[in-house]
$ cat final-v3.txt   # compact mmCIF, C-alpha atoms and all ligand atoms
# COMPACT_ATOMS: atom_id res chain seq x y z
CA MET S 1130 102.07 -123.77 -84.11
CA ASN S 1131 104.83 -123.89 -86.75
CA LYS S 1132 108.46 -124.13 -85.70
CA PRO S 1133 111.29 -121.96 -87.10
CA VAL S 1134 113.30 -123.70 -89.79
CA GLU S 1135 117.11 -124.00 -89.83
CA GLY S 1136 119.12 -123.97 -93.05
CA PHE S 1137 116.11 -123.41 -95.32
CA SER S 1138 118.22 -121.89 -98.09
CA LYS S 1139 120.36 -125.06 -98.23
CA LEU S 1140 117.38 -127.32 -98.98
CA THR S 1141 116.67 -128.32 -102.58
CA LYS S 1142 113.74 -126.65 -104.29
CA GLU S 1143 111.63 -129.80 -103.83
CA GLN S 1144 112.49 -129.98 -100.12
CA LYS S 1145 111.59 -126.31 -99.72
CA ILE S 1146 108.26 -126.90 -101.38
CA ASP S 1147 107.61 -129.98 -99.20
CA TRP S 1148 108.39 -128.04 -96.05
CA LEU S 1149 106.34 -125.03 -97.15
CA THR S 1150 103.25 -126.88 -98.29
CA THR S 1151 103.26 -129.22 -95.28
CA ASN S 1152 103.58 -126.43 -92.74
CA TYR S 1153 101.80 -123.48 -94.32
CA THR S 1154 99.05 -124.69 -96.67
CA GLU S 1155 95.73 -126.40 -96.08
CA ASP S 1156 96.07 -128.96 -98.86
CA SER S 1157 99.72 -129.67 -99.49
CA GLU S 1158 99.18 -131.75 -102.65
CA SER S 1159 97.09 -129.14 -104.45
CA ALA S 1160 99.43 -126.34 -103.30
CA LYS S 1161 102.36 -128.30 -104.76
CA LYS S 1162 100.51 -128.82 -108.03
CA LEU S 1163 99.73 -125.10 -108.23
CA LEU S 1164 103.35 -124.12 -107.63
CA GLN S 1165 104.46 -126.57 -110.32
CA LEU S 1166 101.85 -125.32 -112.77
CA TYR S 1167 103.76 -122.05 -112.94
CA TRP S 1168 107.16 -123.63 -113.55
CA ASN S 1169 108.53 -123.03 -117.01
CA PRO S 1170 108.68 -126.26 -119.04
CA ASP S 1171 112.04 -125.15 -120.42
CA THR S 1172 114.41 -126.13 -117.61
CA LYS S 1173 116.99 -123.53 -118.66
CA VAL S 1174 114.45 -120.70 -118.47
CA GLN S 1175 113.25 -122.04 -115.13
CA GLN S 1176 116.78 -122.25 -113.76
CA LEU S 1177 117.37 -118.65 -114.79
CA HIS S 1178 114.32 -117.55 -112.82
CA ASP S 1179 115.24 -119.77 -109.87
CA GLU S 1180 118.56 -117.99 -109.69
CA PHE S 1181 117.27 -114.41 -109.87
CA ILE S 1182 116.45 -114.56 -106.16
CA GLU S 1183 116.88 -116.92 -103.21
CA ASN S 1184 114.46 -119.64 -102.12
CA THR S 1185 112.49 -119.57 -105.39
CA VAL S 1186 109.62 -122.03 -105.38
CA THR S 1187 107.80 -120.94 -108.51
CA ASN S 1188 107.24 -117.99 -110.87
CA TYR S 1189 104.72 -115.21 -110.41
CA TYR S 1190 103.25 -114.20 -113.74
CA LEU S 1191 102.14 -110.72 -114.71
CA PRO S 1192 100.45 -110.05 -118.05
CA PHE S 1193 102.85 -108.58 -120.62
CA GLY S 1194 100.78 -106.35 -122.92
CA ILE S 1195 101.46 -103.92 -125.75
CA ALA S 1196 100.25 -100.34 -126.14
CA PRO S 1197 100.78 -99.47 -129.83
CA ASN S 1198 100.71 -96.19 -131.78
CA PHE S 1199 102.92 -94.06 -129.56
CA LEU S 1200 104.39 -91.30 -131.70
CA ILE S 1201 107.36 -89.93 -129.75
CA ASN S 1202 109.56 -87.28 -131.36
CA ASP S 1203 108.16 -88.40 -134.75
CA LYS S 1204 109.10 -92.05 -134.20
CA LEU S 1205 106.43 -94.69 -133.76
CA TYR S 1206 106.69 -97.09 -130.83
CA ALA S 1207 104.75 -100.10 -129.58
CA ILE S 1208 105.28 -99.99 -125.81
CA PRO S 1209 105.49 -103.21 -123.76
CA MET S 1210 103.77 -103.03 -120.37
CA ALA S 1211 103.84 -105.60 -117.55
CA ILE S 1212 100.94 -104.95 -115.20
CA GLU S 1213 98.04 -106.73 -113.53
CA GLU S 1214 95.52 -103.87 -113.44
CA SER S 1215 92.78 -104.06 -116.05
CA SER S 1216 92.35 -100.99 -118.24
CA VAL S 1217 95.90 -99.61 -117.88
CA VAL S 1218 97.08 -100.87 -121.29
CA ALA S 1219 93.76 -99.98 -122.90
CA ALA S 1220 93.95 -96.46 -121.44
CA ALA S 1221 97.54 -95.98 -122.63
CA SER S 1222 96.61 -97.18 -126.12
CA LYS S 1223 93.64 -94.83 -126.23
CA ALA S 1224 95.76 -91.83 -125.23
CA ALA S 1225 98.44 -92.82 -127.76
CA LYS S 1226 95.84 -92.90 -130.53
CA PHE S 1227 94.37 -89.55 -129.50
CA TRP S 1228 97.77 -87.83 -129.64
CA LEU S 1229 98.91 -89.71 -132.77
CA LYS S 1230 96.49 -87.54 -134.73
CA ARG S 1231 97.64 -84.38 -132.98
CA GLY S 1232 101.40 -84.42 -133.53
CA GLY S 1233 102.39 -87.03 -130.95
CA PHE S 1234 104.57 -86.68 -127.87
CA LYS S 1235 107.67 -84.47 -127.65
CA THR S 1236 110.32 -85.23 -125.06
CA LYS S 1237 113.55 -83.79 -123.74
CA ILE S 1238 116.26 -85.09 -121.42
CA ILE S 1239 117.06 -82.38 -118.86
CA GLY S 1240 119.85 -84.28 -117.10
CA THR S 1241 121.28 -87.74 -116.49
CA GLU S 1242 123.14 -87.21 -113.21
CA LYS S 1243 123.08 -90.01 -110.62
CA VAL S 1244 123.85 -89.51 -106.93
CA GLY S 1245 125.59 -91.41 -104.15
CA GLN S 1246 126.74 -90.50 -100.66
CA VAL S 1247 129.29 -91.54 -98.06
CA HIS S 1248 127.74 -90.68 -94.69
CA PHE S 1249 130.30 -90.15 -91.94
CA ILE S 1250 130.97 -88.76 -88.48
CA PHE S 1251 133.87 -86.38 -87.84
CA LYS S 1252 134.44 -84.83 -84.44
CA GLY S 1253 136.92 -82.10 -85.36
CA LYS S 1254 136.91 -78.67 -86.95
CA PHE S 1255 135.03 -78.21 -90.23
CA GLU S 1256 137.80 -76.06 -91.77
CA LYS S 1257 140.33 -78.83 -91.25
CA LEU S 1258 137.98 -81.44 -92.67
CA SER S 1259 137.29 -79.25 -95.66
CA ARG S 1260 141.02 -78.84 -96.39
CA PHE S 1261 141.54 -82.58 -95.93
CA ILE S 1262 138.81 -83.44 -98.47
CA GLU S 1263 140.28 -80.94 -100.96
CA ASP S 1264 143.69 -82.64 -100.60
CA LEU S 1265 142.11 -86.06 -100.75
CA ARG S 1266 139.99 -85.67 -103.90
CA PRO S 1267 142.65 -86.84 -106.43
CA LYS S 1268 143.37 -89.89 -104.27
CA LEU S 1269 139.67 -90.74 -103.94
CA ILE S 1270 139.44 -90.76 -107.72
CA GLU S 1271 142.73 -92.59 -108.26
CA ASN S 1272 141.90 -95.33 -105.75
CA ALA S 1273 138.60 -95.98 -107.53
CA SER S 1274 140.21 -96.11 -110.97
CA SER S 1275 139.97 -99.89 -111.36
CA ILE S 1276 136.19 -99.49 -110.93
CA THR S 1277 135.81 -96.41 -113.14
CA ARG S 1278 138.21 -97.30 -116.01
CA ASN S 1279 135.66 -98.96 -118.32
CA MET S 1280 132.91 -96.45 -117.59
CA GLU S 1281 135.36 -93.60 -118.34
CA LYS S 1282 136.36 -95.20 -121.65
CA ARG S 1283 132.71 -94.99 -122.68
CA GLY S 1284 132.42 -91.34 -121.56
CA GLY S 1285 130.99 -91.75 -118.04
CA GLY S 1286 132.39 -91.89 -114.52
CA ILE S 1287 132.58 -89.78 -111.38
CA THR S 1288 131.47 -86.21 -112.07
CA SER S 1289 131.83 -84.59 -108.65
CA ILE S 1290 132.75 -85.24 -105.02
CA GLU S 1291 131.58 -82.59 -102.61
CA LEU S 1292 131.81 -82.33 -98.83
CA ARG S 1293 128.49 -81.44 -97.22
CA ASP S 1294 128.25 -80.19 -93.66
CA LYS S 1295 125.07 -81.56 -92.06
CA THR S 1296 126.03 -80.80 -88.46
CA ASP S 1297 123.19 -78.31 -88.06
CA GLU S 1298 120.77 -81.21 -88.44
CA LEU S 1299 122.78 -83.99 -86.77
CA LYS S 1300 125.81 -83.61 -84.51
CA ASP S 1301 129.17 -84.32 -86.24
CA TYR S 1302 127.45 -85.63 -89.39
CA TYR S 1303 129.01 -84.95 -92.81
CA GLN S 1304 128.65 -86.42 -96.28
CA LEU S 1305 130.66 -86.93 -99.37
CA HIS S 1306 127.89 -86.07 -101.80
CA CYS S 1307 128.98 -87.55 -105.13
CA THR S 1308 127.55 -87.45 -108.62
CA PHE S 1309 128.06 -89.88 -111.50
CA GLU S 1310 127.36 -90.34 -115.18
CA THR S 1311 126.52 -93.99 -115.76
CA LEU S 1312 125.43 -93.80 -119.43
CA ASP S 1313 123.19 -96.75 -120.37
CA ALA S 1314 123.53 -98.48 -117.01
CA MET S 1315 121.21 -97.73 -114.10
CA GLY S 1316 124.54 -97.73 -112.31
CA ALA S 1317 123.70 -98.98 -108.81
CA ASN S 1318 126.61 -101.43 -108.65
CA PHE S 1319 129.04 -98.98 -110.21
CA ILE S 1320 128.05 -96.18 -107.84
CA ASN S 1321 128.04 -98.35 -104.71
CA SER S 1322 131.47 -99.79 -105.58
CA CYS S 1323 132.89 -96.27 -106.10
CA LEU S 1324 131.37 -95.10 -102.81
CA GLU S 1325 132.77 -98.04 -100.86
CA SER S 1326 136.18 -97.29 -102.33
CA PHE S 1327 135.83 -93.60 -101.34
CA ALA S 1328 134.85 -94.64 -97.81
CA GLN S 1329 137.90 -96.86 -97.45
CA THR S 1330 140.23 -94.14 -98.74
CA LEU S 1331 138.58 -91.58 -96.47
CA GLU S 1332 139.13 -93.66 -93.34
CA ASN S 1333 142.65 -94.77 -94.26
CA GLU S 1334 143.91 -91.33 -95.24
CA ALA S 1335 142.31 -89.56 -92.28
CA ALA S 1336 144.18 -91.94 -89.97
CA GLN S 1337 147.48 -90.57 -91.27
CA TYR S 1338 146.64 -86.95 -92.17
CA GLY S 1339 149.34 -84.74 -90.69
CA SER S 1340 147.13 -81.69 -90.00
CA PHE S 1341 144.61 -83.67 -87.96
CA ALA S 1342 144.94 -83.88 -84.18
CA ALA S 1343 144.95 -87.42 -82.81
CA ASP S 1344 141.19 -87.44 -82.08
CA GLU S 1345 140.37 -86.10 -85.59
CA ARG S 1346 142.12 -88.99 -87.28
CA HIS S 1347 139.23 -91.33 -86.63
CA ILE S 1348 136.56 -90.74 -89.25
CA GLU S 1349 133.62 -93.06 -88.66
CA VAL S 1350 131.99 -94.06 -91.94
CA VAL S 1351 128.36 -94.90 -91.17
CA MET S 1352 127.37 -96.06 -94.66
CA SER S 1353 128.05 -95.66 -98.35
CA ILE S 1354 125.12 -95.96 -100.72
CA LEU S 1355 123.64 -94.51 -103.87
CA SER S 1356 120.64 -92.23 -103.51
CA ASN S 1357 117.49 -93.15 -105.38
CA TYR S 1358 116.60 -89.47 -105.30
CA VAL S 1359 117.97 -88.19 -108.59
CA PRO S 1360 116.42 -84.76 -109.19
CA ASP S 1361 118.95 -84.07 -111.96
CA CYS S 1362 118.34 -87.32 -113.83
CA LEU S 1363 115.32 -85.68 -115.29
CA VAL S 1364 113.10 -86.02 -118.33
CA ARG S 1365 110.25 -83.96 -119.70
CA ALA S 1366 107.46 -85.11 -122.03
CA GLU S 1367 104.74 -82.99 -123.52
CA VAL S 1368 101.76 -83.03 -125.84
CA SER S 1369 99.98 -79.99 -127.21
CA CYS S 1370 97.38 -79.03 -129.78
CA PRO S 1371 94.99 -76.18 -130.58
CA VAL S 1372 92.08 -76.22 -128.13
CA SER S 1373 89.73 -76.71 -131.09
CA GLN S 1374 91.27 -80.17 -131.58
CA MET S 1375 90.40 -81.30 -128.06
CA ASN S 1376 87.23 -82.85 -129.42
CA ILE S 1377 86.25 -86.10 -127.75
CA ASP S 1378 82.50 -86.52 -128.02
CA HIS S 1379 79.28 -84.60 -128.43
CA ARG S 1380 78.79 -84.21 -124.66
CA LEU S 1381 81.58 -81.67 -124.20
CA SER S 1382 82.89 -78.93 -126.45
CA PRO S 1383 86.65 -79.02 -127.09
CA HIS S 1384 87.05 -75.86 -125.05
CA GLU S 1385 85.07 -77.23 -122.09
CA PHE S 1386 87.04 -80.47 -122.18
CA ALA S 1387 90.40 -78.68 -122.28
CA LYS S 1388 89.34 -76.43 -119.41
CA LYS S 1389 88.20 -79.40 -117.32
CA MET S 1390 91.54 -81.15 -117.89
CA VAL S 1391 93.39 -78.04 -116.70
CA ARG S 1392 91.12 -77.71 -113.65
CA ALA S 1393 91.67 -81.34 -112.69
CA VAL S 1394 95.45 -80.91 -112.84
CA GLU S 1395 95.23 -77.64 -110.89
CA ILE S 1396 93.43 -79.54 -108.12
CA ALA S 1397 96.13 -82.23 -108.10
CA LYS S 1398 98.73 -79.45 -107.86
CA ILE S 1399 97.39 -78.07 -104.59
CA GLU S 1400 95.54 -80.96 -102.93
CA PRO S 1401 97.78 -83.80 -101.69
CA PHE S 1402 94.92 -86.31 -101.27
CA ARG S 1403 94.14 -85.91 -104.96
CA ALA S 1404 97.80 -85.59 -105.98
CA VAL S 1405 98.67 -89.02 -104.56
CA THR S 1406 95.96 -90.72 -106.62
CA HIS S 1407 96.74 -88.59 -109.66
CA ASN S 1408 100.41 -89.61 -109.45
CA LYS S 1409 99.44 -93.23 -108.75
CA GLY S 1410 97.71 -93.19 -112.12
CA ILE S 1411 100.91 -91.84 -113.71
CA MET S 1412 102.89 -94.63 -112.04
CA ASN S 1413 100.46 -97.20 -113.52
CA GLY S 1414 101.99 -96.36 -116.89
CA ILE S 1415 105.52 -95.81 -115.69
CA ASP S 1416 105.90 -98.94 -113.56
CA ALA S 1417 104.42 -101.14 -116.28
CA VAL S 1418 107.12 -100.11 -118.77
CA VAL S 1419 109.82 -100.09 -116.10
CA LEU S 1420 108.92 -103.70 -115.22
CA ALA S 1421 108.66 -104.83 -118.84
CA THR S 1422 112.16 -103.44 -119.46
CA GLY S 1423 113.68 -105.08 -116.37
CA ASN S 1424 114.21 -101.93 -114.34
CA ASP S 1425 113.76 -101.33 -110.63
CA PHE S 1426 110.25 -99.94 -110.14
CA ARG S 1427 110.77 -99.37 -106.41
CA ALA S 1428 113.65 -97.01 -107.14
CA ILE S 1429 111.57 -95.22 -109.77
CA GLU S 1430 108.59 -94.90 -107.41
CA ALA S 1431 110.73 -93.58 -104.54
CA ALA S 1432 112.36 -90.94 -106.75
CA ALA S 1433 109.10 -89.88 -108.40
CA HIS S 1434 107.27 -89.33 -105.12
CA ALA S 1435 110.23 -87.49 -103.59
CA TYR S 1436 110.31 -85.25 -106.67
CA ALA S 1437 106.56 -84.67 -106.35
CA SER S 1438 107.28 -83.18 -102.90
CA LYS S 1439 110.30 -81.10 -103.92
CA ASN S 1440 108.59 -77.80 -103.10
CA GLY S 1441 107.57 -78.91 -99.62
CA ASN S 1442 104.05 -80.05 -100.57
CA TYR S 1443 103.19 -83.29 -102.33
CA SER S 1444 101.93 -82.22 -105.74
CA SER S 1445 101.06 -83.40 -109.25
CA LEU S 1446 103.88 -84.61 -111.49
CA THR S 1447 101.99 -83.36 -114.52
CA ASP S 1448 101.04 -79.89 -115.63
CA ALA S 1449 98.28 -78.67 -117.94
CA LYS S 1450 97.59 -75.24 -119.37
CA ILE S 1451 95.80 -73.33 -122.09
CA GLU S 1452 97.79 -70.46 -123.59
CA ASP S 1453 97.01 -68.63 -126.82
CA ASP S 1454 94.35 -71.22 -127.57
CA ILE S 1455 96.85 -74.07 -127.31
CA PHE S 1456 96.24 -76.85 -124.80
CA SER S 1457 99.42 -78.42 -123.45
CA PHE S 1458 99.91 -81.27 -121.05
CA SER S 1459 103.34 -82.20 -119.69
CA ILE S 1460 105.25 -84.26 -117.18
CA GLU S 1461 108.65 -83.77 -115.64
CA LEU S 1462 110.13 -86.45 -113.42
CA PRO S 1463 113.38 -88.16 -112.47
CA LEU S 1464 113.93 -91.62 -113.98
CA ALA S 1465 117.13 -93.56 -113.25
CA LEU S 1466 116.86 -96.32 -115.83
CA GLY S 1467 119.24 -98.74 -117.48
CA THR S 1468 119.25 -100.60 -120.78
CA VAL S 1469 122.42 -102.56 -120.06
CA GLY S 1470 123.32 -104.63 -117.00
CA GLY S 1471 120.91 -105.96 -114.38
CA LEU S 1472 118.05 -108.02 -115.79
CA THR S 1473 118.27 -106.38 -119.22
CA SER S 1474 120.43 -109.04 -120.82
CA LEU S 1475 119.26 -111.91 -118.59
CA HIS S 1476 115.49 -112.03 -118.59
CA PRO S 1477 114.26 -113.30 -121.97
CA LEU S 1478 111.08 -111.19 -121.93
CA VAL S 1479 112.96 -108.09 -120.85
CA LYS S 1480 115.32 -108.58 -123.81
CA LEU S 1481 112.32 -108.86 -126.07
CA GLY S 1482 110.71 -105.81 -124.47
CA LEU S 1483 113.82 -103.76 -125.23
CA GLU S 1484 113.97 -105.17 -128.76
CA ILE S 1485 110.34 -104.12 -129.34
CA LEU S 1486 111.37 -100.60 -128.30
CA GLY S 1487 114.24 -100.67 -130.82
CA LYS S 1488 117.01 -101.35 -128.26
CA PRO S 1489 116.89 -97.86 -126.76
CA SER S 1490 119.68 -96.11 -124.89
CA ALA S 1491 118.90 -95.33 -121.25
CA SER S 1492 118.08 -91.73 -122.24
CA GLU S 1493 115.68 -92.90 -124.94
CA LEU S 1494 114.04 -95.27 -122.47
CA MET S 1495 113.64 -92.38 -119.99
CA GLN S 1496 111.69 -90.53 -122.68
CA ILE S 1497 109.50 -93.51 -123.55
CA VAL S 1498 108.72 -94.19 -119.89
CA ALA S 1499 107.87 -90.54 -119.21
CA VAL S 1500 105.51 -90.62 -122.20
CA ALA S 1501 103.82 -93.76 -120.83
CA GLY S 1502 103.23 -91.90 -117.56
CA LEU S 1503 101.89 -88.82 -119.29
CA ALA S 1504 99.60 -90.85 -121.56
CA GLN S 1505 98.26 -92.80 -118.60
CA ASN S 1506 97.53 -89.61 -116.69
CA PHE S 1507 95.86 -88.04 -119.72
CA ALA S 1508 93.63 -91.09 -120.11
CA ALA S 1509 92.75 -91.27 -116.41
CA VAL S 1510 91.98 -87.56 -116.05
CA ARG S 1511 90.04 -87.59 -119.32
CA SER S 1512 87.81 -90.36 -117.95
CA LEU S 1513 87.49 -88.68 -114.57
CA VAL S 1514 86.30 -85.36 -116.00
CA THR S 1515 83.96 -86.96 -118.54
CA THR S 1516 82.37 -90.39 -118.02
CA GLY S 1517 83.90 -91.19 -114.62
CA ILE S 1518 86.50 -93.90 -114.17
CA GLN S 1519 84.20 -96.85 -113.51
CA GLU S 1520 82.75 -97.14 -117.01
CA GLY S 1521 86.01 -98.03 -118.73
CA HIS S 1522 87.48 -99.76 -115.72
CA MET S 1523 84.54 -102.09 -115.16
CA LYS S 1524 84.41 -102.95 -118.88
CA MET S 1525 88.00 -104.14 -118.65
CA HIS S 1526 87.40 -105.75 -115.25
CA LEU S 1527 84.36 -107.62 -116.56
CA LEU S 1528 86.39 -110.62 -117.67
CA ASN S 1529 88.01 -110.87 -114.22
CA ILE S 1530 84.56 -111.03 -112.60
CA LEU S 1531 83.32 -113.56 -115.15
CA ASN S 1532 86.43 -115.70 -114.61
CA GLN S 1533 85.83 -115.58 -110.86
CA LEU S 1534 82.25 -116.74 -111.44
CA GLY S 1535 83.50 -119.62 -113.61
CA ALA S 1536 81.79 -118.41 -116.80
CA THR S 1537 82.27 -120.51 -119.94
CA ASP S 1538 83.64 -118.94 -123.14
CA SER S 1539 80.18 -118.66 -124.66
CA GLU S 1540 78.75 -117.11 -121.47
CA LYS S 1541 81.63 -114.62 -121.49
CA ASN S 1542 80.95 -113.67 -125.12
CA THR S 1543 77.25 -113.13 -124.41
CA LEU S 1544 77.90 -111.02 -121.34
CA VAL S 1545 80.72 -108.95 -122.88
CA ASP S 1546 78.27 -108.14 -125.66
CA TYR S 1547 75.52 -107.32 -123.21
CA PHE S 1548 77.72 -104.96 -121.16
CA LYS S 1549 78.71 -102.97 -124.23
CA THR S 1550 75.41 -101.17 -123.71
CA HIS S 1551 74.81 -101.68 -119.97
CA ALA S 1552 76.61 -100.34 -116.88
CA ALA S 1553 78.96 -103.09 -115.65
CA THR S 1554 78.77 -102.85 -111.86
CA HIS S 1555 79.84 -105.95 -109.90
CA ASN S 1556 76.23 -106.72 -108.89
CA ALA S 1557 74.91 -106.21 -112.41
CA VAL S 1558 77.50 -108.67 -113.76
CA VAL S 1559 76.65 -111.30 -111.13
CA GLU S 1560 72.90 -110.88 -111.79
CA ALA S 1561 73.27 -111.08 -115.55
CA PHE S 1562 75.52 -114.13 -115.22
CA GLU S 1563 73.04 -115.92 -112.94
CA LYS S 1564 70.22 -115.10 -115.31
CA ILE S 1565 71.88 -116.71 -118.34
CA ARG S 1566 73.18 -119.65 -116.25
CA ASN S 1567 69.72 -120.45 -115.02
C1 LIG W 1601 93.63 -96.18 -110.88
O1 LIG W 1601 94.60 -97.20 -110.85
C2 LIG W 1601 94.30 -94.86 -111.20
C3 LIG W 1601 93.38 -93.65 -111.13
O2 LIG W 1601 92.75 -93.56 -109.86
C4 LIG W 1601 94.23 -92.43 -111.39
C5 LIG W 1601 93.56 -91.10 -111.16
O3 LIG W 1601 92.62 -91.02 -110.36
O4 LIG W 1601 94.02 -90.14 -111.79
C6 LIG W 1601 92.26 -93.74 -112.15
$ encode --input "final-v3.txt" --output "structure tokens"
Amino acid sequence: MNKPVEGFSKLTKEQKIDWLTTNYTEDSESAKKLLQLYWNPDTKVQQLHDEFIENTVTNYYLPFGIAPNFLINDKLYAIPMAIEESSVVAAASKAAKFWLKRGGFKTKIIGTEKVGQVHFIFKGKFEKLSRFIEDLRPKLIENASSITRNMEKRGGGITSIELRDKTDELKDYYQLHCTFETLDAMGANFINSCLESFAQTLENEAAQYGSFAADERHIEVVMSILSNYVPDCLVRAEVSCPVSQMNIDHRLSPHEFAKKMVRAVEIAKIEPFRAVTHNKGIMNGIDAVVLATGNDFRAIEAAAHAYASKNGNYSSLTDAKIEDDIFSFSIELPLALGTVGGLTSLHPLVKLGLEILGKPSASELMQIVAVAGLAQNFAAVRSLVTTGIQEGHMKMHLLNILNQLGATDSEKNTLVDYFKTHAATHNAVVEAFEKIRN
């Protein structure tokens, strides 16, 4: 039975690895070697990674791939994607190529508003609180001015501070519901600093507000934090073409294919079990670009799924329709992204990822990411309503299986060739491998 460790964070990296491999691995020497294998030979790069988080013992690689040929608002992009799942980059590239010949993707920013809240308890009369907040607003803004000065110079800052009465849902619970424009920054630090300043001002000023009775002067701030739900930091991306151009192969007419695509999205609109998987496929594309550009994919996921439930039922983030013989396929989702701050100027590959995208503004990145999600969904649904997902997926997964089996390069070449014309199930791959081995 292992014992708890004291002062782990104070140990050197080597000591941490010694402790870890001795207590938690079967073969401490080979575990150490494996951890070291993933260290970057450039000590500066390694130090950078060591310092991103605490208690770093090694790096965890993800493939960094490129999906080329994305025509977005008449500009051509090669999109970097960091993801482990086979076939995601291939699917994105395939969708990009399909739409390249049909006018490309069109996008629009609907809003860029970020949100943060000070959650507090007030045990007095709402009318008095409301008057107090009205009186307080200039001071809330003034007291945060050292935080907001630079952002304001660039055209951003605090855009609203509103009192919300939540006492119907929770006794004595109110919020300062605040909105912000954070320009090219994701803005988490900016927003949280503003909110903590608001909270301090709120408590201090309440304590001396003349119109409050003695027991109203104590406002209890519970917490001050940004919200990752940003329904007004919203982007829309769309593709469309005449139905006659929805030609994919001889098995389906363009009209049948377009109709099947619409049906599949209709199902994801009304059936949550399907919608979750449908949206998961969208997030395959979105998260991969979000990661490659150093953004917070957990925040993006949380917001996207909340938005997918905005009407009370979890539903598809994409829409498809045929109108006047035009097929259109679109996505609308919130994306709080940054192209300055955070990892964007620190992580060498993130910097390169942003350079590959032409150093986009946050708004431009929102549009690119939304397109990656739409393209991914188009590719997934296309496969689902035609060949089924396994054909393409197993082709891409083939190399993973062959690597697991320890195939040599020449065995891999032979089998990749063979499975161009044969169904690549796991069993079929193992059997074919054993056959050529023996
Ligand atoms: C797999 O990662 C994603 C899909 O399941 C998405 C979908 O079903 O739409 C293929």
$ residues_around --input "final-v3.txt" --residues "S:Leu1305" --least-positions-apart "6" --cutoff "6 Å" --atoms "only C-alpha atoms" --output "list of chain:residue names"
S:Gln1246, S:Val1247, S:Glu1291, S:Leu1292
$ axis_aligned_box --input "final-v3.txt" --around "ligand LIG 1601 (chain W)" --padding-each-side "8 Å" --output "AutoDock Vina command-line options"
--center_x 93.4 --center_y -93.7 --center_z -111.0 --size_x 18.3 --size_y 23.1 --size_z 18.3
$ atom_distance --input "final-v3.txt" --atom1 "atom CA of S:Ile1485" --atom2 "atom CA of S:Asp1313"
17.3 Å
$ residues_around --input "final-v3.txt" --residues "stretch 1361-1367 of chain S" --least-positions-apart "2" --cutoff "6 Å" --atoms "only C-alpha atoms" --output "list in words"
Phe1234, Lys1235, Thr1236, Lys1237, Ile1238, Ile1239, Gly1240, Thr1241, Glu1242, Val1359, Phe1458, Ser1459, Ile1460, Glu1461, Leu1462, Pro1463 and Val1500 of chain S
$ write_last_selection --input "final-v3.txt" --atoms "C-alpha atoms" --output "PDB file, in the coordinates of the input"
ATOM      1  CA  PHE S1234     104.570 -86.680-127.870  1.00  0.00           C
ATOM      2  CA  LYS S1235     107.670 -84.470-127.650  1.00  0.00           C
ATOM      3  CA  THR S1236     110.320 -85.230-125.060  1.00  0.00           C
ATOM      4  CA  LYS S1237     113.550 -83.790-123.740  1.00  0.00           C
ATOM      5  CA  ILE S1238     116.260 -85.090-121.420  1.00  0.00           C
ATOM      6  CA  ILE S1239     117.060 -82.380-118.860  1.00  0.00           C
ATOM      7  CA  GLY S1240     119.850 -84.280-117.100  1.00  0.00           C
ATOM      8  CA  THR S1241     121.280 -87.740-116.490  1.00  0.00           C
ATOM      9  CA  GLU S1242     123.140 -87.210-113.210  1.00  0.00           C
ATOM     10  CA  VAL S1359     117.970 -88.190-108.590  1.00  0.00           C
ATOM     11  CA  PHE S1458      99.910 -81.270-121.050  1.00  0.00           C
ATOM     12  CA  SER S1459     103.340 -82.200-119.690  1.00  0.00           C
ATOM     13  CA  ILE S1460     105.250 -84.260-117.180  1.00  0.00           C
ATOM     14  CA  GLU S1461     108.650 -83.770-115.640  1.00  0.00           C
ATOM     15  CA  LEU S1462     110.130 -86.450-113.420  1.00  0.00           C
ATOM     16  CA  PRO S1463     113.380 -88.160-112.470  1.00  0.00           C
ATOM     17  CA  VAL S1500     105.510 -90.620-122.200  1.00  0.00           C
TER      18      VAL S1500
END
$ residues_near_ligand --input "final-v3.txt" --ligand "ligand LIG 1601 (chain W)" --cutoff "7 Å" --atoms "all atoms listed in the file" --output "list in words"
Thr1406, His1407, Asn1408, Lys1409, Gly1410, Asn1413, Asn1506, Ala1509, Val1510 and Ile1518 of chain S
$ residues_around --input "final-v3.txt" --residues "stretch 1376-1381 of chain S" --least-positions-apart "6" --cutoff "10 Å" --atoms "only C-alpha atoms" --output "PyMOL selection string"
chain S and resi 1227+1387+1389+1511+1515-1516
$ atom_distance --input "final-v3.txt" --atom1 "atom CA of S:Lys1223" --atom2 "atom CA of S:Ala1435"
29.0 Å
$ residues_around --input "final-v3.txt" --residues "stretch 1332-1346 of chain S" --least-positions-apart "4" --cutoff "10 Å" --atoms "only C-alpha atoms" --output "ChimeraX atom specification"
/S:1249,1251-1254,1257-1258,1260-1262,1264-1265,1268-1269,1327-1328,1350
$ closest_residue --input "final-v3.txt" --among "S:Ser1326, S:Ser1259, S:Ile1290, S:Lys1439" --to "S:Ser1274" --atoms "only C-alpha atoms"
S:Ser1326
$ atom_distance --input "final-v3.txt" --atom1 "atom CA of S:Lys1230" --atom2 "atom CA of S:Ser1382"
18.1 Å
$ closest_residue --input "final-v3.txt" --among "S:Leu1355, S:Val1368, S:Val1479, S:Val1514" --to "S:Met1390" --atoms "all atoms listed in the file"
S:Val1514
